[in-house]
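Structure, as structure tokens:
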Amino acid sequence: MKKSTISFAAFVLLLCGLICSFKLSPGDHPTLAIGAKAPDFSLSGVDGKTYTLSSFKNSPILVVVFTCNHCPTAQAYEERVIRIAADYKNKGVAVVAIMPNDPQAINLDELGYTDMSDSFDEMKLRAKQKNFNFPYLYDGATQSVAHAYGPIATPHVFIFDQDRKLCYSGRIDDVEKPSKTPHIQDTRNALNDLLTHKKPTVATTKVFGCSIKWAEKEDWKQRARDDWAKEPVKMDKIDADGVKQLMKNKSDSLRLIIVWSAAGGASTADFGKFVDMNRMYRRRDFQFISINADGPANSGKALSFLKRSQASATNFIFNSDDKDKLTDVVNPTWEKAHGGLPYTLLVEPGGKIVYAKQGAISAAEVKKAIVDDPVIGRYY
């Protein structure tokens, strides 16, 4: 029997998957106890303002949600947090979201469900995209507020009364998938109790979501990079019929295909972006395939570039110097655009092309197209 092995990068993803179902429990960063006073903070918001506890002094009830961009569970709850903020705005309830993760502690292979990580600039983009109706604050630089509150996962809700004593700590509701109706609206139930001058019937619940990315995990990124650098890189020959079969995509995966040249320009400038995307999404129903169009005589140069780029994906070189044959089988639209390189495509199972771009790409645009495609998706 062949002995199975697992790379460090794969191990990190497996561990992340286990942690993403983490339940409320004591640890190195203890969670604030019911009845405790809300720790003060001073954090920058995506709107350019600085917020403290006193910024919400006119609201008898304060909801603090620790959440982030990249976590699939956090993304699944974004619309529900928006609705809670809207439904309770005129009832004396303020909602504020805090991003607790250190962006430098997040590995590429922990970003398999997202087009954005957790940097402050990306928070601004996410808030604008989703039209957040609450302040979205950045704690990633020091994580001092996260240390004080002790969130277990994203999202984690803390509700404070008029005296800013903690009355509820836990989940938003009991159903993660946005397409399904929750059975227990824990956060809303706690708010409704407080609005009728009662203590929440349920003061704590278990939390599910992605673990907080504490700064002490930063060394994982270097270890993952070292591991990726050891992965073998190869390039096989492919003919027109082979390319035609690739475009038919009889697999169950979304295919990101780039036709490129090692001669320079946008092909080589953008290639590292595709390597990163492969590391982000390859544990899902996703394949990255590169096809070099420089011809058999230039295979050595193309392979050398792939090795320098650590492109341990599926790589081919077209076995003919006749580029018209290549454009003919890839996409007729590309042929009309004179076949310029690079050429990037997203191909769904069954061969439907859902994204095609000649020339330089926007990595943000391609990543959004990937996770917004139903083959991949943002949620578990």
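Going through the structure tokens in order, the chains are called A, B, and so on, while each chain numbers its residues from 1 and the ligands are numbered from 1 in the order shown.
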
What's the 9 Å shell around Asn292 (chain A), counting only C-alpha atoms, without same-chain residues fewer than 3 positions away, as a list in words?
Ile258, Val259, Trp260, Ser261, Ala262, Gly295, Ser299, Ala302, Asn315, Phe316, Ile317 and Phe318 of chain A

With only C-alpha atoms as the counted atoms, please give the residues lying no more than 12 Å from Lys248 (chain A), apart from itself and same-chain residues fewer than 4 positions off, as a PyMOL selection string.
chain A and resi 241-244+252-255+329-331+346-353

Print the selection's residues with N, CA and C atoms to a file, as a PDB file, in the first residue's frame.
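selection02.pdb, written as the output of this step:
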```
ATOM      1  N   ASP A 241      -6.079  19.173 -30.032  1.00  0.00           N
ATOM      2  CA  ASP A 241      -7.161  18.327 -29.506  1.00  0.00           C
ATOM      3  C   ASP A 241      -7.144  18.312 -27.974  1.00  0.00           C
ATOM      4  N   GLY A 242      -5.961  18.308 -27.398  1.00  0.00           N
ATOM      5  CA  GLY A 242      -5.863  18.334 -25.942  1.00  0.00           C
ATOM      6  C   GLY A 242      -6.407  19.625 -25.355  1.00  0.00           C
ATOM      7  N   VAL A 243      -6.097  20.747 -26.004  1.00  0.00           N
ATOM      8  CA  VAL A 243      -6.624  22.044 -25.547  1.00  0.00           C
ATOM      9  C   VAL A 243      -8.145  22.066 -25.688  1.00  0.00           C
ATOM     10  N   LYS A 244      -8.635  21.491 -26.781  1.00  0.00           N
ATOM     11  CA  LYS A 244     -10.090  21.442 -26.991  1.00  0.00           C
ATOM     12  C   LYS A 244     -10.771  20.690 -25.851  1.00  0.00           C
ATOM     13  N   ASP A 252     -15.561  18.298 -12.557  1.00  0.00           N
ATOM     14  CA  ASP A 252     -16.547  18.926 -11.674  1.00  0.00           C
ATOM     15  C   ASP A 252     -16.022  20.250 -11.120  1.00  0.00           C
ATOM     16  N   SER A 253     -14.914  20.735 -11.665  1.00  0.00           N
ATOM     17  CA  SER A 253     -14.235  21.903 -11.098  1.00  0.00           C
ATOM     18  C   SER A 253     -14.307  23.123 -12.006  1.00  0.00           C
ATOM     19  N   LEU A 254     -14.227  24.285 -11.381  1.00  0.00           N
ATOM     20  CA  LEU A 254     -14.071  25.533 -12.112  1.00  0.00           C
ATOM     21  C   LEU A 254     -12.617  25.626 -12.558  1.00  0.00           C
ATOM     22  N   ARG A 255     -12.392  25.906 -13.832  1.00  0.00           N
ATOM     23  CA  ARG A 255     -11.034  25.961 -14.354  1.00  0.00           C
ATOM     24  C   ARG A 255     -10.612  27.403 -14.642  1.00  0.00           C
ATOM     25  N   VAL A 329      -9.079  26.844 -30.981  1.00  0.00           N
ATOM     26  CA  VAL A 329      -9.710  25.892 -30.064  1.00  0.00           C
ATOM     27  C   VAL A 329      -9.960  26.479 -28.674  1.00  0.00           C
ATOM     28  N   VAL A 330      -9.339  27.606 -28.373  1.00  0.00           N
ATOM     29  CA  VAL A 330      -9.533  28.192 -27.036  1.00  0.00           C
ATOM     30  C   VAL A 330     -10.832  28.970 -26.974  1.00  0.00           C
ATOM     31  N   ASN A 331     -10.980  29.970 -27.845  1.00  0.00           N
ATOM     32  CA  ASN A 331     -12.177  30.813 -27.790  1.00  0.00           C
ATOM     33  C   ASN A 331     -12.253  31.665 -29.051  1.00  0.00           C
ATOM     34  N   LEU A 346     -12.090  31.755 -17.277  1.00  0.00           N
ATOM     35  CA  LEU A 346     -12.705  30.897 -16.270  1.00  0.00           C
ATOM     36  C   LEU A 346     -13.730  30.036 -16.992  1.00  0.00           C
ATOM     37  N   VAL A 347     -13.586  28.730 -16.851  1.00  0.00           N
ATOM     38  CA  VAL A 347     -14.444  27.798 -17.575  1.00  0.00           C
ATOM     39  C   VAL A 347     -15.158  26.894 -16.580  1.00  0.00           C
ATOM     40  N   GLU A 348     -16.478  26.938 -16.591  1.00  0.00           N
ATOM     41  CA  GLU A 348     -17.266  26.093 -15.695  1.00  0.00           C
ATOM     42  C   GLU A 348     -17.314  24.652 -16.210  1.00  0.00           C
ATOM     43  N   PRO A 349     -17.658  23.693 -15.341  1.00  0.00           N
ATOM     44  CA  PRO A 349     -17.886  22.328 -15.812  1.00  0.00           C
ATOM     45  C   PRO A 349     -18.906  22.340 -16.959  1.00  0.00           C
ATOM     46  N   GLY A 350     -18.588  21.630 -18.006  1.00  0.00           N
ATOM     47  CA  GLY A 350     -19.454  21.641 -19.187  1.00  0.00           C
ATOM     48  C   GLY A 350     -18.964  22.566 -20.274  1.00  0.00           C
ATOM     49  N   GLY A 351     -17.952  23.401 -19.961  1.00  0.00           N
ATOM     50  CA  GLY A 351     -17.334  24.216 -20.996  1.00  0.00           C
ATOM     51  C   GLY A 351     -17.824  25.638 -21.122  1.00  0.00           C
ATOM     52  N   LYS A 352     -18.723  26.101 -20.261  1.00  0.00           N
ATOM     53  CA  LYS A 352     -19.203  27.477 -20.358  1.00  0.00           C
ATOM     54  C   LYS A 352     -18.118  28.438 -19.887  1.00  0.00           C
ATOM     55  N   ILE A 353     -17.750  29.407 -20.730  1.00  0.00           N
ATOM     56  CA  ILE A 353     -16.767  30.426 -20.366  1.00  0.00           C
ATOM     57  C   ILE A 353     -17.489  31.560 -19.653  1.00  0.00           C
TER      58      ILE A 353
END
```

Where does DSSP see helix (DSSP H, G or I) in region 54-231 of chain A, if you list the residues as a PyMOL selection string?
chain A and resi 54-56+72-91+103-105+108-110+120-130+144-149+186-195+215-229

One number please: CA of Thr52 (chain A) to CA of Asp121 (chain A), in Å, one decimal.
20.6 Å

Using only C-alpha atoms, determine which residues lie at most 8 Å from region 153-160 of chain A, disregarding the query and same-chain residues fewer than 3 positions distant; provide the list as an NGL selection string.
:A and (20 or 22 or 38 or 61-68 or 71 or 73-74 or 77 or 163-172 or 187 or 191 or 207-212)

Distance CA of Val145 (chain A)-CA of Asp118 (chain A), one decimal place?
16.0 Å

Residues near region 267-276 of chain A, anyone? I mean within 7 Å using only C-alpha atoms, not counting same-chain ones fewer than 2 positions away, as a PyMOL selection string.
chain A and resi 108+260-262+264-265+278-280+309+311+341-342+360+363

Keeping N, CA and C atoms for every residue in the selection just given, could you write it to a file as a PDB file, in the first residue's frame?
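Output below, filename selection.pdb:
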```pdb
ATOM      1  N   LEU A 108      -2.391  32.029   2.531  1.00  0.00           N
ATOM      2  CA  LEU A 108      -3.175  32.021   1.291  1.00  0.00           C
ATOM      3  C   LEU A 108      -4.185  30.883   1.275  1.00  0.00           C
ATOM      4  N   TRP A 260      -0.177  31.956 -22.076  1.00  0.00           N
ATOM      5  CA  TRP A 260       0.824  32.963 -21.750  1.00  0.00           C
ATOM      6  C   TRP A 260       2.111  32.774 -22.532  1.00  0.00           C
ATOM      7  N   SER A 261       2.998  33.767 -22.390  1.00  0.00           N
ATOM      8  CA  SER A 261       4.307  33.716 -23.027  1.00  0.00           C
ATOM      9  C   SER A 261       5.372  34.074 -22.005  1.00  0.00           C
ATOM     10  N   ALA A 262       6.513  33.413 -22.108  1.00  0.00           N
ATOM     11  CA  ALA A 262       7.633  33.714 -21.219  1.00  0.00           C
ATOM     12  C   ALA A 262       8.452  34.898 -21.718  1.00  0.00           C
ATOM     13  N   GLY A 264       7.785  37.934 -21.619  1.00  0.00           N
ATOM     14  CA  GLY A 264       7.669  39.125 -20.784  1.00  0.00           C
ATOM     15  C   GLY A 264       6.304  39.770 -20.891  1.00  0.00           C
ATOM     16  N   GLY A 265       6.244  41.044 -20.539  1.00  0.00           N
ATOM     17  CA  GLY A 265       4.990  41.780 -20.584  1.00  0.00           C
ATOM     18  C   GLY A 265       4.032  41.327 -19.500  1.00  0.00           C
ATOM     19  N   ASN A 278      -4.065  29.923  -7.148  1.00  0.00           N
ATOM     20  CA  ASN A 278      -4.032  28.469  -7.078  1.00  0.00           C
ATOM     21  C   ASN A 278      -3.860  28.001  -5.639  1.00  0.00           C
ATOM     22  N   ARG A 279      -3.002  28.681  -4.894  1.00  0.00           N
ATOM     23  CA  ARG A 279      -2.790  28.309  -3.495  1.00  0.00           C
ATOM     24  C   ARG A 279      -4.011  28.612  -2.643  1.00  0.00           C
ATOM     25  N   MET A 280      -4.769  29.617  -3.022  1.00  0.00           N
ATOM     26  CA  MET A 280      -5.983  29.965  -2.287  1.00  0.00           C
ATOM     27  C   MET A 280      -7.090  28.929  -2.507  1.00  0.00           C
ATOM     28  N   SER A 309       8.702  30.711 -10.554  1.00  0.00           N
ATOM     29  CA  SER A 309       7.404  31.181 -10.044  1.00  0.00           C
ATOM     30  C   SER A 309       6.756  30.197  -9.085  1.00  0.00           C
ATOM     31  N   ALA A 311       5.280  27.462  -9.777  1.00  0.00           N
ATOM     32  CA  ALA A 311       3.960  27.175 -10.360  1.00  0.00           C
ATOM     33  C   ALA A 311       3.708  25.671 -10.373  1.00  0.00           C
ATOM     34  N   LEU A 341      -1.502  37.981 -26.040  1.00  0.00           N
ATOM     35  CA  LEU A 341      -1.214  37.290 -24.780  1.00  0.00           C
ATOM     36  C   LEU A 341      -0.910  38.301 -23.678  1.00  0.00           C
ATOM     37  N   PRO A 342      -1.212  37.924 -22.432  1.00  0.00           N
ATOM     38  CA  PRO A 342      -1.837  36.668 -21.988  1.00  0.00           C
ATOM     39  C   PRO A 342      -3.348  36.685 -22.228  1.00  0.00           C
ATOM     40  N   ALA A 360      -3.414  42.284 -19.364  1.00  0.00           N
ATOM     41  CA  ALA A 360      -3.268  42.318 -17.912  1.00  0.00           C
ATOM     42  C   ALA A 360      -4.613  42.135 -17.225  1.00  0.00           C
ATOM     43  N   ALA A 363      -6.395  41.156 -10.316  1.00  0.00           N
ATOM     44  CA  ALA A 363      -6.506  39.977  -9.461  1.00  0.00           C
ATOM     45  C   ALA A 363      -7.786  40.021  -8.650  1.00  0.00           C
TER      46      ALA A 363
END
```

If you run DSSP on the backbone here, which positions in region 37-125 of chain A get strand (DSSP E or B)? Please write them as a PyMOL selection string.
chain A and resi 37+42-45+50-52+61-66+93-99

Any chance you could export the current selection's N, CA and C atoms as a PDB file, in the first residue's frame?
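New file part.pdb:
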```pdb
ATOM      1  N   LYS A  37     -17.675  44.660  32.636  1.00  0.00           N
ATOM      2  CA  LYS A  37     -17.777  45.950  31.957  1.00  0.00           C
ATOM      3  C   LYS A  37     -17.110  45.876  30.593  1.00  0.00           C
ATOM      4  N   SER A  42     -10.080  52.412  21.195  1.00  0.00           N
ATOM      5  CA  SER A  42      -9.942  53.548  20.288  1.00  0.00           C
ATOM      6  C   SER A  42      -9.428  52.978  18.967  1.00  0.00           C
ATOM      7  N   LEU A  43     -10.345  52.829  18.013  1.00  0.00           N
ATOM      8  CA  LEU A  43     -10.026  52.141  16.771  1.00  0.00           C
ATOM      9  C   LEU A  43     -10.457  52.963  15.558  1.00  0.00           C
ATOM     10  N   SER A  44      -9.704  52.793  14.476  1.00  0.00           N
ATOM     11  CA  SER A  44     -10.036  53.472  13.222  1.00  0.00           C
ATOM     12  C   SER A  44     -11.113  52.700  12.482  1.00  0.00           C
ATOM     13  N   GLY A  45     -12.056  53.455  11.934  1.00  0.00           N
ATOM     14  CA  GLY A  45     -13.115  52.860  11.131  1.00  0.00           C
ATOM     15  C   GLY A  45     -12.835  53.034   9.654  1.00  0.00           C
ATOM     16  N   THR A  50     -12.394  57.826  14.098  1.00  0.00           N
ATOM     17  CA  THR A  50     -11.904  57.032  15.217  1.00  0.00           C
ATOM     18  C   THR A  50     -13.045  56.833  16.205  1.00  0.00           C
ATOM     19  N   TYR A  51     -13.240  55.588  16.647  1.00  0.00           N
ATOM     20  CA  TYR A  51     -14.353  55.252  17.526  1.00  0.00           C
ATOM     21  C   TYR A  51     -13.849  54.767  18.881  1.00  0.00           C
ATOM     22  N   THR A  52     -14.585  55.174  19.923  1.00  0.00           N
ATOM     23  CA  THR A  52     -14.362  54.674  21.277  1.00  0.00           C
ATOM     24  C   THR A  52     -15.711  54.236  21.828  1.00  0.00           C
ATOM     25  N   ILE A  61     -28.243  50.318  24.362  1.00  0.00           N
ATOM     26  CA  ILE A  61     -27.735  48.961  24.145  1.00  0.00           C
ATOM     27  C   ILE A  61     -26.669  49.005  23.053  1.00  0.00           C
ATOM     28  N   LEU A  62     -25.568  48.305  23.303  1.00  0.00           N
ATOM     29  CA  LEU A  62     -24.481  48.275  22.343  1.00  0.00           C
ATOM     30  C   LEU A  62     -24.182  46.834  21.932  1.00  0.00           C
ATOM     31  N   VAL A  63     -24.189  46.591  20.624  1.00  0.00           N
ATOM     32  CA  VAL A  63     -23.848  45.284  20.074  1.00  0.00           C
ATOM     33  C   VAL A  63     -22.469  45.387  19.427  1.00  0.00           C
ATOM     34  N   VAL A  64     -21.524  44.612  19.932  1.00  0.00           N
ATOM     35  CA  VAL A  64     -20.172  44.556  19.367  1.00  0.00           C
ATOM     36  C   VAL A  64     -20.022  43.201  18.672  1.00  0.00           C
ATOM     37  N   VAL A  65     -19.791  43.242  17.370  1.00  0.00           N
ATOM     38  CA  VAL A  65     -19.642  42.010  16.588  1.00  0.00           C
ATOM     39  C   VAL A  65     -18.196  41.906  16.099  1.00  0.00           C
ATOM     40  N   PHE A  66     -17.506  40.879  16.523  1.00  0.00           N
ATOM     41  CA  PHE A  66     -16.175  40.617  15.981  1.00  0.00           C
ATOM     42  C   PHE A  66     -16.353  39.779  14.714  1.00  0.00           C
ATOM     43  N   VAL A  93     -30.528  50.796  19.909  1.00  0.00           N
ATOM     44  CA  VAL A  93     -29.468  49.797  19.798  1.00  0.00           C
ATOM     45  C   VAL A  93     -28.438  50.261  18.773  1.00  0.00           C
ATOM     46  N   ALA A  94     -27.181  50.305  19.178  1.00  0.00           N
ATOM     47  CA  ALA A  94     -26.086  50.613  18.256  1.00  0.00           C
ATOM     48  C   ALA A  94     -25.326  49.330  17.951  1.00  0.00           C
ATOM     49  N   VAL A  95     -24.912  49.188  16.706  1.00  0.00           N
ATOM     50  CA  VAL A  95     -24.130  48.026  16.280  1.00  0.00           C
ATOM     51  C   VAL A  95     -22.769  48.512  15.776  1.00  0.00           C
ATOM     52  N   VAL A  96     -21.713  47.870  16.227  1.00  0.00           N
ATOM     53  CA  VAL A  96     -20.372  48.162  15.734  1.00  0.00           C
ATOM     54  C   VAL A  96     -19.661  46.843  15.459  1.00  0.00           C
ATOM     55  N   ALA A  97     -18.969  46.766  14.334  1.00  0.00           N
ATOM     56  CA  ALA A  97     -18.214  45.563  13.972  1.00  0.00           C
ATOM     57  C   ALA A  97     -16.727  45.839  14.122  1.00  0.00           C
ATOM     58  N   ILE A  98     -16.010  44.869  14.656  1.00  0.00           N
ATOM     59  CA  ILE A  98     -14.559  44.992  14.853  1.00  0.00           C
ATOM     60  C   ILE A  98     -13.876  43.815  14.157  1.00  0.00           C
ATOM     61  N   MET A  99     -12.862  44.109  13.344  1.00  0.00           N
ATOM     62  CA  MET A  99     -12.090  43.080  12.667  1.00  0.00           C
ATOM     63  C   MET A  99     -10.870  42.758  13.536  1.00  0.00           C
TER      64      MET A  99
END
```

Skipping near chain neighbours, those fewer than 4 positions away, what residues fall within 8 Å of region 125-127 of chain A using only C-alpha atoms, listed as a compact mmCIF listing (two decimals) with C-alpha atoms, in the first residue's frame?
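The new file result-v5.txt reads:
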```txt
# COMPACT_ATOMS: atom_id res chain seq x y z
CA VAL A 46 -13.31 52.33 7.39
CA ASN A 69 -13.69 39.70 5.47
CA MET A 116 -10.44 39.55 0.06
CA ASP A 121 -7.80 48.60 2.72
CA ASN A 131 -23.14 48.91 2.11
CA PHE A 132 -22.46 48.31 5.81
CA TYR A 136 -16.41 48.65 10.77
```
